[in-house]
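What follows is a short report on a single structure.
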Amino acid sequence: MAAAFPTLAELAAEEEELQLARFTNDDAWELGTALVARAREGHLPVAVEVSRHSHQLFHAAMTGATPDNDFWIQRKAAVVHRFGHSSLYVGQRSREAGSTFEQQFGLDPQRYAAHGGAFPLLVRDVGPIGVVVVSGLPQVDDHRTVVAALRELLAQQLA
């Protein structure tokens, strides 16, 4: 059974909560390897990418991931870059408005996908500086995987 979509308010609260103290190349490595560890543990056929200012700092494709997952990563990340919110947030905003992302914005679906799995890397008092993306699971599960790893990274920074 597919996971229920979180509400727009829940997604906004996650973005407020998951603002990091900093984001370095080492943090990108920690985040990426944490996502890979989760994927290995759960035998998840995902691709993972972490970038800062469109500079790819981490990329991995697990067993079962395909080149299509990299295409999804690009399209989901493009939504985050354009709208400044998680790809699931942008899609949910359209759903809660009684529409679809495609109907509301008319953007090229070959370049943009408002499906869960891409999350802005937010540094407190700075704003968005990059994107972390998981692709290969149902979109809510992609999103939740990213959120769980970001929570762990934030907890490490605050410890």
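Following the order of the structure tokens, chains are lettered A, B, ..., residues in each are numbered from 1, and ligands are numbered from 1.
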
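Taking only segment 54-105 of chain A, the residues that DSSP calls strand (DSSP E or B) from the backbone come to His55, Gln56, Leu57, Phe58, His59, Ala60 and Ala61 of chain A.
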
Write the residues of the preceding selection, restricted to all heavy atoms, as an mmCIF file, in the first residue's frame.
data_model
loop_
_atom_site.group_PDB
_atom_site.id
_atom_site.type_symbol
_atom_site.label_atom_id
_atom_site.label_comp_id
_atom_site.auth_asym_id
_atom_site.auth_seq_id
_atom_site.Cartn_x
_atom_site.Cartn_y
_atom_site.Cartn_z
ATOM 1 N N HIS A 55 26.861 21.893 -7.881
ATOM 2 C CA HIS A 55 28.097 21.120 -7.958
ATOM 3 C C HIS A 55 27.865 19.772 -7.280
ATOM 4 O O HIS A 55 27.648 19.722 -6.065
ATOM 5 C CB HIS A 55 29.226 21.887 -7.251
ATOM 6 C CG HIS A 55 30.527 21.176 -7.237
ATOM 7 N ND1 HIS A 55 31.510 21.476 -6.330
ATOM 8 C CD2 HIS A 55 31.029 20.172 -7.995
ATOM 9 C CE1 HIS A 55 32.557 20.695 -6.534
ATOM 10 N NE2 HIS A 55 32.287 19.894 -7.533
ATOM 11 N N GLN A 56 27.913 18.708 -8.057
ATOM 12 C CA GLN A 56 27.677 17.370 -7.514
ATOM 13 C C GLN A 56 28.808 17.000 -6.564
ATOM 14 O O GLN A 56 29.968 16.943 -6.954
ATOM 15 C CB GLN A 56 27.593 16.358 -8.655
ATOM 16 C CG GLN A 56 27.262 14.960 -8.189
ATOM 17 C CD GLN A 56 27.292 13.974 -9.335
ATOM 18 O OE1 GLN A 56 28.363 13.625 -9.805
ATOM 19 N NE2 GLN A 56 26.132 13.560 -9.785
ATOM 20 N N LEU A 57 28.444 16.766 -5.305
ATOM 21 C CA LEU A 57 29.425 16.395 -4.292
ATOM 22 C C LEU A 57 29.381 14.911 -3.950
ATOM 23 O O LEU A 57 30.358 14.367 -3.431
ATOM 24 C CB LEU A 57 29.202 17.208 -3.009
ATOM 25 C CG LEU A 57 29.296 18.723 -3.162
ATOM 26 C CD1 LEU A 57 28.969 19.410 -1.847
ATOM 27 C CD2 LEU A 57 30.668 19.135 -3.677
ATOM 28 N N PHE A 58 28.243 14.279 -4.235
ATOM 29 C CA PHE A 58 28.082 12.851 -3.920
ATOM 30 C C PHE A 58 27.069 12.267 -4.889
ATOM 31 O O PHE A 58 26.026 12.878 -5.146
ATOM 32 C CB PHE A 58 27.575 12.683 -2.485
ATOM 33 C CG PHE A 58 27.501 11.246 -2.035
ATOM 34 C CD1 PHE A 58 28.546 10.673 -1.331
ATOM 35 C CD2 PHE A 58 26.388 10.457 -2.332
ATOM 36 C CE1 PHE A 58 28.480 9.341 -0.925
ATOM 37 C CE2 PHE A 58 26.320 9.135 -1.934
ATOM 38 C CZ PHE A 58 27.373 8.572 -1.235
ATOM 39 N N HIS A 59 27.376 11.086 -5.399
ATOM 40 C CA HIS A 59 26.407 10.354 -6.229
ATOM 41 C C HIS A 59 26.683 8.867 -6.065
ATOM 42 O O HIS A 59 27.839 8.442 -6.066
ATOM 43 C CB HIS A 59 26.532 10.726 -7.708
ATOM 44 C CG HIS A 59 25.502 10.032 -8.558
ATOM 45 N ND1 HIS A 59 24.261 10.560 -8.771
ATOM 46 C CD2 HIS A 59 25.526 8.850 -9.189
ATOM 47 C CE1 HIS A 59 23.562 9.727 -9.517
ATOM 48 N NE2 HIS A 59 24.311 8.680 -9.791
ATOM 49 N N ALA A 60 25.610 8.102 -5.920
ATOM 50 C CA ALA A 60 25.736 6.646 -5.846
ATOM 51 C C ALA A 60 24.478 6.022 -6.426
ATOM 52 O O ALA A 60 23.384 6.581 -6.311
ATOM 53 C CB ALA A 60 25.916 6.185 -4.405
ATOM 54 N N ALA A 61 24.662 4.868 -7.033
ATOM 55 C CA ALA A 61 23.536 4.091 -7.548
ATOM 56 C C ALA A 61 23.637 2.689 -6.954
ATOM 57 O O ALA A 61 24.658 2.010 -7.104
ATOM 58 C CB ALA A 61 23.571 4.027 -9.069
#

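Closest approach to Ala37 of chain A from the set A:Ile73, A:Val126, A:Leu154, A:Ala149 is made by A:Ala149, with distances taken over only C-alpha atoms.
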
- Task: Extract, using only C-alpha atoms, all DNA, RNA and protein residues at most 12 Å from Gln110 of chain A, discarding same-chain residues fewer than 3 positions from it, and format them as a PyMOL selection string.
- Result: chain A and resi 68+71-76+78-79+102+106-107+113-114

Atoms kept (all heavy atoms) for selection, written as a compact mmCIF listing (two decimals), in the first residue's frame:
# COMPACT_ATOMS: atom_id res chain seq x y z
N ASP A 68 17.40 5.67 -15.52
CA ASP A 68 16.17 6.45 -15.36
C ASP A 68 16.14 7.16 -14.01
O ASP A 68 15.62 8.27 -13.90
CB ASP A 68 14.92 5.57 -15.48
CG ASP A 68 14.60 5.20 -16.91
OD1 ASP A 68 15.11 5.87 -17.83
OD2 ASP A 68 13.83 4.25 -17.10
N PHE A 71 17.82 10.42 -14.30
CA PHE A 71 16.96 11.38 -15.00
C PHE A 71 15.93 11.95 -14.02
O PHE A 71 15.68 13.16 -14.00
CB PHE A 71 16.28 10.67 -16.19
CG PHE A 71 15.45 11.57 -17.05
CD1 PHE A 71 15.97 12.74 -17.59
CD2 PHE A 71 14.14 11.24 -17.33
CE1 PHE A 71 15.18 13.56 -18.39
CE2 PHE A 71 13.35 12.05 -18.13
CZ PHE A 71 13.88 13.21 -18.66
N TRP A 72 15.34 11.11 -13.20
CA TRP A 72 14.41 11.58 -12.17
C TRP A 72 15.11 12.53 -11.19
O TRP A 72 14.54 13.54 -10.78
CB TRP A 72 13.79 10.40 -11.41
CG TRP A 72 12.63 9.80 -12.12
CD1 TRP A 72 12.63 8.69 -12.93
CD2 TRP A 72 11.28 10.26 -12.09
NE1 TRP A 72 11.37 8.45 -13.40
CE2 TRP A 72 10.51 9.39 -12.89
CE3 TRP A 72 10.64 11.31 -11.46
CZ2 TRP A 72 9.15 9.54 -13.08
CZ3 TRP A 72 9.27 11.48 -11.64
CH2 TRP A 72 8.55 10.61 -12.44
N ILE A 73 16.34 12.20 -10.81
CA ILE A 73 17.10 13.07 -9.91
C ILE A 73 17.23 14.47 -10.51
O ILE A 73 16.98 15.47 -9.83
CB ILE A 73 18.49 12.46 -9.60
CG1 ILE A 73 18.35 11.33 -8.58
CG2 ILE A 73 19.47 13.53 -9.10
CD1 ILE A 73 19.62 10.55 -8.33
N GLN A 74 17.60 14.55 -11.76
CA GLN A 74 17.76 15.85 -12.42
C GLN A 74 16.45 16.63 -12.41
O GLN A 74 16.43 17.83 -12.12
CB GLN A 74 18.21 15.66 -13.87
CG GLN A 74 19.61 15.13 -14.02
CD GLN A 74 19.90 14.74 -15.47
OE1 GLN A 74 19.08 14.90 -16.37
NE2 GLN A 74 21.08 14.21 -15.68
N ARG A 75 15.35 15.95 -12.73
CA ARG A 75 14.05 16.63 -12.84
C ARG A 75 13.51 17.06 -11.48
O ARG A 75 12.94 18.14 -11.33
CB ARG A 75 13.06 15.70 -13.56
CG ARG A 75 13.47 15.47 -15.01
CD ARG A 75 12.76 14.29 -15.67
NE ARG A 75 11.34 14.42 -15.61
CZ ARG A 75 10.50 13.41 -15.34
NH1 ARG A 75 10.96 12.20 -15.12
NH2 ARG A 75 9.21 13.61 -15.33
N LYS A 76 13.70 16.22 -10.45
CA LYS A 76 13.26 16.58 -9.10
C LYS A 76 14.11 17.74 -8.57
O LYS A 76 13.59 18.68 -7.96
CB LYS A 76 13.39 15.38 -8.15
CG LYS A 76 12.42 14.25 -8.43
CD LYS A 76 12.73 13.10 -7.47
CE LYS A 76 11.96 11.85 -7.71
NZ LYS A 76 12.20 10.85 -6.66
N ALA A 78 15.60 20.02 -10.27
CA ALA A 78 15.22 21.24 -10.99
C ALA A 78 14.02 21.92 -10.33
O ALA A 78 13.94 23.15 -10.29
CB ALA A 78 14.91 20.92 -12.46
N VAL A 79 13.09 21.13 -9.80
CA VAL A 79 11.93 21.69 -9.08
C VAL A 79 12.39 22.41 -7.82
O VAL A 79 11.95 23.52 -7.53
CB VAL A 79 10.89 20.58 -8.77
CG1 VAL A 79 9.85 21.07 -7.78
CG2 VAL A 79 10.23 20.11 -10.06
N GLU A 102 1.75 19.98 -13.33
CA GLU A 102 1.84 20.19 -14.78
C GLU A 102 0.80 21.21 -15.25
O GLU A 102 1.10 22.08 -16.06
CB GLU A 102 1.67 18.85 -15.51
CG GLU A 102 2.78 17.85 -15.25
CD GLU A 102 2.70 17.14 -13.89
OE1 GLU A 102 1.66 17.21 -13.21
OE2 GLU A 102 3.70 16.50 -13.51
N GLY A 106 2.79 24.42 -16.31
CA GLY A 106 3.05 24.22 -17.74
C GLY A 106 4.52 24.06 -18.09
O GLY A 106 4.93 24.38 -19.19
N LEU A 107 5.30 23.60 -17.14
CA LEU A 107 6.73 23.42 -17.38
C LEU A 107 6.99 22.10 -18.11
O LEU A 107 6.22 21.15 -18.00
CB LEU A 107 7.50 23.45 -16.06
CG LEU A 107 7.43 24.77 -15.31
CD1 LEU A 107 8.01 24.61 -13.91
CD2 LEU A 107 8.14 25.86 -16.08
N ALA A 113 10.04 17.54 -12.44
CA ALA A 113 9.15 16.51 -11.88
C ALA A 113 8.90 16.85 -10.41
O ALA A 113 9.82 16.79 -9.59
CB ALA A 113 9.77 15.12 -12.00
N ALA A 114 7.67 17.24 -10.11
CA ALA A 114 7.30 17.57 -8.72
C ALA A 114 6.86 16.30 -8.00
O ALA A 114 5.74 16.18 -7.53
CB ALA A 114 6.23 18.65 -8.69

- Message: Counting only C-alpha atoms, which residue out of A:Asp108, A:Asp142, A:Glu96, A:Asp125 sits closest to Leu8 of chain A?
- Response: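 The answer is A:Glu96, which sits nearest to Leu8 of chain A.
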
- Task: Would you please extract all helix (DSSP H, G or I) residues from chain A, as assigned by DSSP on the backbone, and give them as a PyMOL selection string?
- Result: chain A and resi 8-17+25-42+67-83+87-96+101-105+139-158

- Item | Neighbour list for Pro128 of chain A as a list in words, cut-off 12 Å, only C-alpha atoms, skip fewer than 2 positions in-chain |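 Listing them by chain and then by number gives Glu15, Glu16, Leu18, Gln19, Leu20, Arg22, Phe23, Ser51, Arg52, His53, Ser54, Val80, His81, Arg82, Phe83, Gly84, His85, Ser86, Phe119, Pro120, Leu121, Leu122, Val123, Arg124, Asp125, Val126, Gly130, Val131 and Val132 of chain A.
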
- What's the 8 Å shell around Leu88 of chain A, counting only C-alpha atoms, without same-chain residues fewer than 4 positions away, as a PyMOL selection string? chain A and resi 11+92+114-118+139-140+143

- Coordinates-based distance that separates atom CA of Ala77 of chain A from atom CA of Val133 of chain A (Å, one decimal):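 Taking atom CA of Val133 of chain A and atom CA of Ala77 of chain A, their separation equals 6.9 Å.
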
- Item | Length of the atom CA of Arg111 of chain A to atom CA of Asn69 of chain A vector [Å] | 13.6 Å

- Item | Between atom CA of Ala34 of chain A and atom CA of Ala12 of chain A, distance in Å (one decimal) |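 The value is 23.4 Å.
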
- Item | Neighbour list for Gln103 of chain A as a VMD selection string, cut-off 12 Å, only C-alpha atoms, skip fewer than 6 positions in-chain | chain A and resid 91 94 to 95 97 109 114

Write out the residues from the selection above, keeping N, CA, C and O atoms, as a PDB file, in the first residue's frame.
ATOM      1  N   GLY A  91       4.682  19.542  -5.400  1.00  0.00           N
ATOM      2  CA  GLY A  91       3.604  18.706  -5.932  1.00  0.00           C
ATOM      3  C   GLY A  91       2.373  18.731  -5.040  1.00  0.00           C
ATOM      4  O   GLY A  91       1.242  18.805  -5.531  1.00  0.00           O
ATOM      5  N   SER A  94       0.200  21.862  -5.370  1.00  0.00           N
ATOM      6  CA  SER A  94      -0.715  21.774  -6.513  1.00  0.00           C
ATOM      7  C   SER A  94      -1.890  20.860  -6.206  1.00  0.00           C
ATOM      8  O   SER A  94      -3.039  21.196  -6.516  1.00  0.00           O
ATOM      9  N   ARG A  95      -1.612  19.700  -5.590  1.00  0.00           N
ATOM     10  CA  ARG A  95      -2.704  18.774  -5.250  1.00  0.00           C
ATOM     11  C   ARG A  95      -3.700  19.438  -4.312  1.00  0.00           C
ATOM     12  O   ARG A  95      -4.912  19.323  -4.502  1.00  0.00           O
ATOM     13  N   ALA A  97      -4.379  22.463  -4.067  1.00  0.00           N
ATOM     14  CA  ALA A  97      -5.081  23.520  -4.794  1.00  0.00           C
ATOM     15  C   ALA A  97      -6.088  22.927  -5.789  1.00  0.00           C
ATOM     16  O   ALA A  97      -6.726  23.659  -6.546  1.00  0.00           O
ATOM     17  N   PRO A 109       7.821  18.615 -18.786  1.00  0.00           N
ATOM     18  CA  PRO A 109       7.959  17.445 -17.904  1.00  0.00           C
ATOM     19  C   PRO A 109       9.267  16.670 -18.135  1.00  0.00           C
ATOM     20  O   PRO A 109       9.636  15.835 -17.315  1.00  0.00           O
ATOM     21  N   ALA A 114       7.669  17.238 -10.108  1.00  0.00           N
ATOM     22  CA  ALA A 114       7.303  17.574  -8.723  1.00  0.00           C
ATOM     23  C   ALA A 114       6.856  16.301  -8.005  1.00  0.00           C
ATOM     24  O   ALA A 114       5.737  16.183  -7.532  1.00  0.00           O
TER      25      ALA A 114
END
